[in-house]
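Step one of this worksheet: look at the structure below.
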Amino acid sequence: MIRRRFDFWSGVLAVAFVVVAVLMVWPLYSIFAASVIDNRSGALTFGNFAQILGHPAYRGALINSLIVGTGGMIGAMLLGIPLAVLTTRFVIAGRDTIATLAVLALVSPPFIGAYAWIMMLGSNGWMRALLADIGIELPSIYGMFGILLVFSLKFYPFVFLLTASGLGAISPSVEEAAESLGAGPWRRFFKVTLPLVFPAVSSGALLAFVLSIADFGTPSIVGGKVRLLATTAFDLFTAEMGGNPGLASATSVVLIAVCMAVVVAQRWAVRRRDIAGSLLRRPSPKRLRPLASAAAHFVCYAIVLAGSLSSLVVIYTSFRKTSGPVFHPGLSLDSYTRILGEVPHVIANSFTYATAAVVLIVILGTLIGYILARRETLASGALDSMLLVPYIVPGVVMGLAFVVTFNVPPLQITGTAMIIVLMLFIRRLPYAVRSSTSILKQIKCGIEEAAISLGASPARAFLKVTLPLMLPGIIAGALMSFITAINELSSSLILYVGRTMTMPVRIYLSVLDGQFGTASALSTILLAATGLAVFVVFRFSDRKESAFV
Amino acid sequence: MARVELRHISKSYPGVQALDDVDLAIESGEFFTLLGPSGCGKTTLLRTVAGFIQQDSGEVRVGDRRIDDMPAYRRNIGLVFQDYAIFPHMTVGDNVAFGLKNRRRPRDEIAARVTRALELVRLGGHAERLPHQLSGGQQQRVGLARAVVIEPQILLMDEPLSNLDAKLRIELRDDIRDLQHSLGITTIYVTHDQEEALVISDRICVMQGGRVHQVGTPWEVYAQPATLFVAAFVGAMNVVADVAVGAGGVLSFGASPRAVPALAGRDRVTLAIRLEDMTLAAPSDAVPSDALALDGAVDKISFAGREAFYRVRLDAGPQIQAHVHRPERQLLEQAGARLRLILPLARLHMFDPTTGRRIEAEAATAASVGAYQ
């Protein structure tokens with residue numbers, strides 16, 4: 001801590017900088033460079049950006065992305081805030097079940113919702129038929145309606161979990177003070193409670209917005225003719241006729257710019273709002289009158305069940321009798337036999353890549369986290385801010401950046417398994433670093449110093465005292481990384497070749513082929529792996545649902 | 001057991017001079033306290049001795065050896081923390097054994113020494129407990145046992161009592177003092193609580209803004225504060241800033257002007273008066289020739305059981321507090337009444353208004369020593 005000479009931790013810092021430079025700065029620089037270079041002449045040009053703003057199709061994609069981001073965010077808030085308020089302020093039976101269902105909705109593979117809702121609300125969907133029978137005609141699932149429906153149900157848990165933990169951190173004395181000063185329930189909520197919880201709500205809303213416009217699977221499955229920035233960039237890049245890397249890169253840059261603008265706006269909105277009150281009393285939920293209580297229960301369970309419905313439908317579908325794309329009455333393991341016969345390597349790939357990425361993430365993430373938490377220097381500060389970048393770069397963009405950078409020497413690794421693992425690694429590294437930092441912040445510095453003052457060398461103090469205390473957090477963080485790694489679609493879809501196909505990619509392709517049976521069977525395997533990981537995380541983190549955000 | 005020398009230690013952080021040429025010698029077996037408000041540099045100094053902060057200049061010597069070029073884990077210094085810093089994943093016994101294991105002592109010896117150390121802090125039989133099963137006071141006893149079991153050359157304590165409630169604090173304070181006495185271990189103790197410092201220490205070093213204001217026995221620090229800061233920080237004190245001094249050092253503060261030889265040649269002085277040094281008298285009572293008479297009206301009386309505090313608005317302007325031991329009932333019914341406070345010159349503390357340094361009243365000092373003893 002005190003000596004400035006080159007030690008183990010300086011070595012870690014150096015490695016971290018190399019990793020970030022090669023896997024993040026360089027690819028993103030390539031994308032930026034490609035966006036301002038003319039495809040044919042190689043001259044510097046802003047023509048690509050002019051085209052995005054000028055051409056109706058591309059401008060439409062930008063506008064649609066903004067609509068989808070805003071709509072997804074509003075939808076997530078409409079579901080998430082009431083759920084958070086009801087479950088934290090009132091006695092709701094099965095609060096843990098509600099939180100678990102929300103977490104499961106949060107971690108389930110993102111594109112599952114899209115095709116599950118097609119099965120329910122597509123032109124032949126059973127739910128559409130059911131609703132039509134009682135006289136409700138819904139707009140077509142393909143298009144904006146479908147996208148927003150899926151995103152709202154997919155991203156509400158972010159708003160819910162963050163708002164709930166924010167509400168849990170408001171001292172009841174503050175609300176009682178407002179009440180004693182003559183504020184009625186509504187006024188109290190809008191004038192005191194809501195402003196206090198605003199930072200938490202807006203963080204959740206921000207996540208919903210960024211994830212909505214970054215998501216690739218959902219709009220390409222359920223979007224119909226609605227084009228978004230993410231899908232446009234992908235199509236431009238992979239188009240049959242050689243594609244248009246310049247325009248694809250410019251689209252990616254616009255996507256990054258939008259995400260960044262939203263992040264900055266949120267930071268600005270919550271400036272000087274970091275309310276860290278000392279909490280002497282925990283809020284205790286109130287009991288509602290029977291009728292109100294029934295209504296509250298109905299709302300809560302309706303929201304979480306709607307969020308989980310897609311997963312249930314997928315699991316059910318995976319067990320239906322099927323021959324090819326056609327379903328027959330009755331249950332069977334047809335779909336599972338098929339995938340095990342046809343694509344066993346896809347399942348193996350998914351687990352191998354995710355595991356490999358998680359090992360790298362845990363090792364480097366823990367060490368970097370330690371540096372950021374315990375050794376504040378100029379260099380570690382710089383690393384800290386650089387690690388914010390992956391949060392705002394969508395998977396599609398990162399995938400494109402990797403292809404642009406790594407399909408030519410000196411580091412020609414496209415088509416290998418390594419490029420997929422490295423992609424998963426760099427995208428999730430910041431999350432592991434952040435969780436490691438936050439664990440360390442809960443472990444008092446004094447504990448390590450106590451060990452050192454008792455004669456343990458810094459390395460021994462870390463191994464004997466700090467690491468054992470960090471371990472539960474590290475394991476939880478590793479499983480979180482595993483969940484996101486194994487469910488990653490957008491970047492893998494750009495980087496895969498036949499040999500290195502993963503489950504999400506296979507599911508995506510199956511859905512496009514109308515092979516819902518195999519898609520569902522693979523999705524169910526993903527869900528099972530994810531559910532198991534969530535269960536273990538709960539064991540290691542004392543049921544902290546907020547650990548998932 | 002070793003003598004500790006801190007030679008001209010300075011440490012600065014961007015924009016802050018945390019330690020400014022601190023030069024101290026702590027005798028072998030002494031209980032030495034660093035006292036000051038938060039941010040005064042006392043913890044920085046302690047952590048410099050422990051090895052967690054590297055000074056910019058100066059030396060730390062323990063015994064005959066310079067230790068500041070040694071890493072913290074080789075210094076053999078026992079450290080007790082404000083937040084206990086007990087390893088939460090180890091039993092009480094393993095916590096205490098940790099330092100001995102680092103020193104690769106034989107297992108039998110470790111077991112015997114751990115048992116003895118736990119008995120020393122009255123936690124015999126708790127070795128198998130986990131820290132979270134213990135109260136705060138018990139956890140700090142574990143911290144104490146863990147620090148002394150390695151038989152360190154010196155023991156450092158960083159506000160070890162400040163996280164405990166009042167009753168426990170007094171109990172553990174006495175235990176720490178007894179333990180230090182019986183082991184005879186050189187101890188540096190950091191606190192911001194002046195009463196704690198007075199009770200527990202052999203000597204006290206009062207610090208502010210990274211500088212040493214005074215080093216002395218508790219009696220010296222209390223009765224002969226070297227600076228206005230020490231006077232105001234240690235114990236309750238009325239400070240009357242910037243009082244005019246007449247020709248020949250005549251102090252006309254109050255109803256009876258008195259010549260103070262030490263003030264000759266000055267035109268201003270800052271006075272400090274202990275609450276308990278004034279006696280209450282009737283407005284017309286005679287004033288001894290070696291005392292000041294401060295006349296005023298009782299503004300407010302605060303009764304606190306065995307004592308009471310009078311807030312008096314002096315005719316001379318300032319408002320001061322006076323202390324009454326075991327107040328009688330009728331004394332409590334005097335709000336608004338006029339009274340005279342008699343203050344022996346020997347008990348008047350005088351400071352230079354610009355430097356804040358004590359002005360020694362030579363003749364008066366001898367008298368005041370006599371008065372206190």
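In the structure tokens, the first chain shown is A, the next is B, and so on; residue numbers restart at 1 for each chain, and ligands run from 1 in the order shown.
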Which of range 350-546 of chain A fall in helix (DSSP H, G or I), as a PyMOL selection string: chain A and resi 350-374+378-386+389-392+395-406+417-442+445-453+458-486+490-495+498-500+503-513+516-540+545-546
Within 8 Å of chain B: residues of chain A, using only C-alpha atoms, as number ranges by chain: A: 1-3, 444, 446-447, 449-458, 465, 468-469
Contacts of Phe229 in chain B within 12 Å, only C-alpha atoms, excl. fewer than 3 positions in-chain, as a ChimeraX atom specification: /B:35-37,40,206-209,211-214,221-222,224-226,232-237,239,270,272,351-353,355-358
Dump C-alpha atoms for the selected residues as a short mmCIF file (atom, residue, chain, number, x, y, z; two decimals), in the first residue's frame?
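This is the output file out_17.cif:
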```
data_model
loop_
_atom_site.label_atom_id
_atom_site.label_comp_id
_atom_site.auth_asym_id
_atom_site.auth_seq_id
_atom_site.Cartn_x
_atom_site.Cartn_y
_atom_site.Cartn_z
CA LEU B 35 -5.27 13.59 21.59
CA GLY B 36 -6.95 15.96 19.19
CA PRO B 37 -10.02 16.67 17.09
CA CYS B 40 -5.54 16.69 13.61
CA VAL B 206 -2.30 17.30 22.12
CA MET B 207 -2.31 17.76 18.36
CA GLN B 208 -4.04 20.03 15.90
CA GLY B 209 -3.55 20.60 12.19
CA ARG B 211 1.31 19.85 14.77
CA VAL B 212 2.06 19.04 18.36
CA HIS B 213 0.64 21.68 20.70
CA GLN B 214 1.74 20.23 24.00
CA VAL B 221 -2.20 19.48 29.98
CA TYR B 222 -5.24 20.32 32.06
CA GLN B 224 -1.12 24.46 32.38
CA PRO B 225 -2.30 24.37 28.79
CA ALA B 226 0.54 25.51 26.57
CA ALA B 232 -10.16 25.06 24.92
CA PHE B 233 -9.91 21.42 23.82
CA VAL B 234 -9.06 19.77 27.13
CA GLY B 235 -11.83 20.24 29.65
CA ALA B 236 -14.49 22.92 29.66
CA MET B 237 -13.14 26.43 29.46
CA VAL B 239 -12.48 31.88 26.63
CA THR B 270 -6.85 36.41 25.65
CA ALA B 272 -9.27 31.45 29.68
CA PHE B 351 -2.63 33.64 26.08
CA ASP B 352 -1.06 35.82 23.43
CA PRO B 353 -3.98 36.84 21.18
CA THR B 355 0.17 33.35 18.62
CA GLY B 356 -2.21 31.64 21.04
CA ARG B 357 0.77 30.76 23.27
CA ARG B 358 0.53 30.67 27.01
#
```
Residues within 7 Å of range 286-303 of chain B, please, as a CSV table (one decimal) with N, CA and C atoms, in the first residue's frame. Count only C-alpha atoms; anything in the same chain fewer than 4 positions from it doesn't count.
```
chain,number,residue,atom,x,y,z
B,254,GLY,N,-13.5,43.1,34.7
B,254,GLY,CA,-14.2,42.9,35.9
B,254,GLY,C,-14.3,44.1,36.8
B,255,ALA,N,-14.8,44.0,38.0
B,255,ALA,CA,-15.1,45.1,38.8
B,255,ALA,C,-13.8,45.7,39.5
B,256,SER,N,-12.8,44.8,39.7
B,256,SER,CA,-11.6,45.3,40.4
B,256,SER,C,-10.3,45.1,39.6
B,307,GLU,N,-24.0,18.3,40.1
B,307,GLU,CA,-23.4,19.6,39.8
B,307,GLU,C,-24.4,20.5,39.1
B,308,ALA,N,-24.1,21.8,39.0
B,308,ALA,CA,-25.0,22.7,38.2
B,308,ALA,C,-24.1,23.6,37.5
B,309,PHE,N,-24.6,24.2,36.3
B,309,PHE,CA,-23.9,25.1,35.6
B,309,PHE,C,-24.7,26.4,35.5
B,310,TYR,N,-24.0,27.5,35.8
B,310,TYR,CA,-24.6,28.8,35.7
B,310,TYR,C,-24.1,29.5,34.4
B,311,ARG,N,-25.1,30.0,33.6
B,311,ARG,CA,-24.7,30.9,32.5
B,311,ARG,C,-24.8,32.3,33.0
B,312,VAL,N,-23.7,33.0,33.0
B,312,VAL,CA,-23.7,34.4,33.5
B,312,VAL,C,-23.4,35.4,32.5
B,313,ARG,N,-24.3,36.4,32.3
B,313,ARG,CA,-24.0,37.5,31.4
B,313,ARG,C,-23.2,38.6,32.2
B,314,LEU,N,-21.9,38.7,31.8
B,314,LEU,CA,-21.1,39.6,32.6
B,314,LEU,C,-21.4,41.1,32.2
B,315,ASP,N,-21.2,42.0,33.1
B,315,ASP,CA,-21.4,43.4,32.8
B,315,ASP,C,-20.4,43.8,31.8
B,332,LEU,N,-30.5,27.1,43.0
B,332,LEU,CA,-31.1,26.8,41.7
B,332,LEU,C,-32.2,27.8,41.4
B,334,GLN,N,-32.0,31.1,41.4
B,334,GLN,CA,-31.5,32.5,41.3
B,334,GLN,C,-31.5,33.0,39.9
B,335,ALA,N,-32.2,32.4,39.0
B,335,ALA,CA,-32.2,32.9,37.6
B,335,ALA,C,-32.6,34.4,37.6
B,336,GLY,N,-31.8,35.2,36.9
B,336,GLY,CA,-32.1,36.6,36.8
B,336,GLY,C,-31.3,37.4,37.9
B,337,ALA,N,-30.9,36.7,38.9
B,337,ALA,CA,-30.3,37.4,40.0
B,337,ALA,C,-28.9,37.9,39.7
B,338,ARG,N,-28.4,39.0,40.3
B,338,ARG,CA,-27.1,39.5,40.1
B,338,ARG,C,-26.1,38.8,41.0
B,339,LEU,N,-24.9,38.5,40.6
B,339,LEU,CA,-23.9,37.9,41.4
B,339,LEU,C,-22.5,38.3,41.1
B,340,ARG,N,-21.6,37.9,41.9
B,340,ARG,CA,-20.2,38.3,41.7
B,340,ARG,C,-19.4,36.9,41.6
B,341,LEU,N,-18.6,36.8,40.6
B,341,LEU,CA,-17.8,35.6,40.5
B,341,LEU,C,-16.4,36.0,40.9
B,342,ILE,N,-15.8,35.3,41.9
B,342,ILE,CA,-14.5,35.6,42.3
B,342,ILE,C,-13.5,34.6,41.7
B,343,LEU,N,-12.5,35.2,41.0
B,343,LEU,CA,-11.5,34.3,40.2
B,343,LEU,C,-10.1,34.6,40.7
B,344,PRO,N,-9.5,33.7,41.4
B,344,PRO,CA,-8.1,33.9,41.8
B,344,PRO,C,-7.2,34.1,40.6
B,345,LEU,N,-6.3,35.1,40.6
B,345,LEU,CA,-5.4,35.4,39.5
B,345,LEU,C,-4.6,34.2,39.2
```
Who sits within 6 Å of range 55-69 of chain A, only C-alpha atoms, same chain under 5 positions skipped, as an MDAnalysis selection string: chainID A and resid 209 212:213 227:229
Pick from B:Ser28, B:Arg61, B:Asp21, B:Val142 nearest to His181 in chain B, counting only C-alpha atoms: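 Of B:Ser28, B:Arg61, B:Asp21, B:Val142, the one nearest His181 in chain B is B:Ser28, counting only C-alpha atoms.
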Computed interatomic separation between CA of Asp96 in chain A and CA of Ser436 in chain A (Å): 25.6 Å
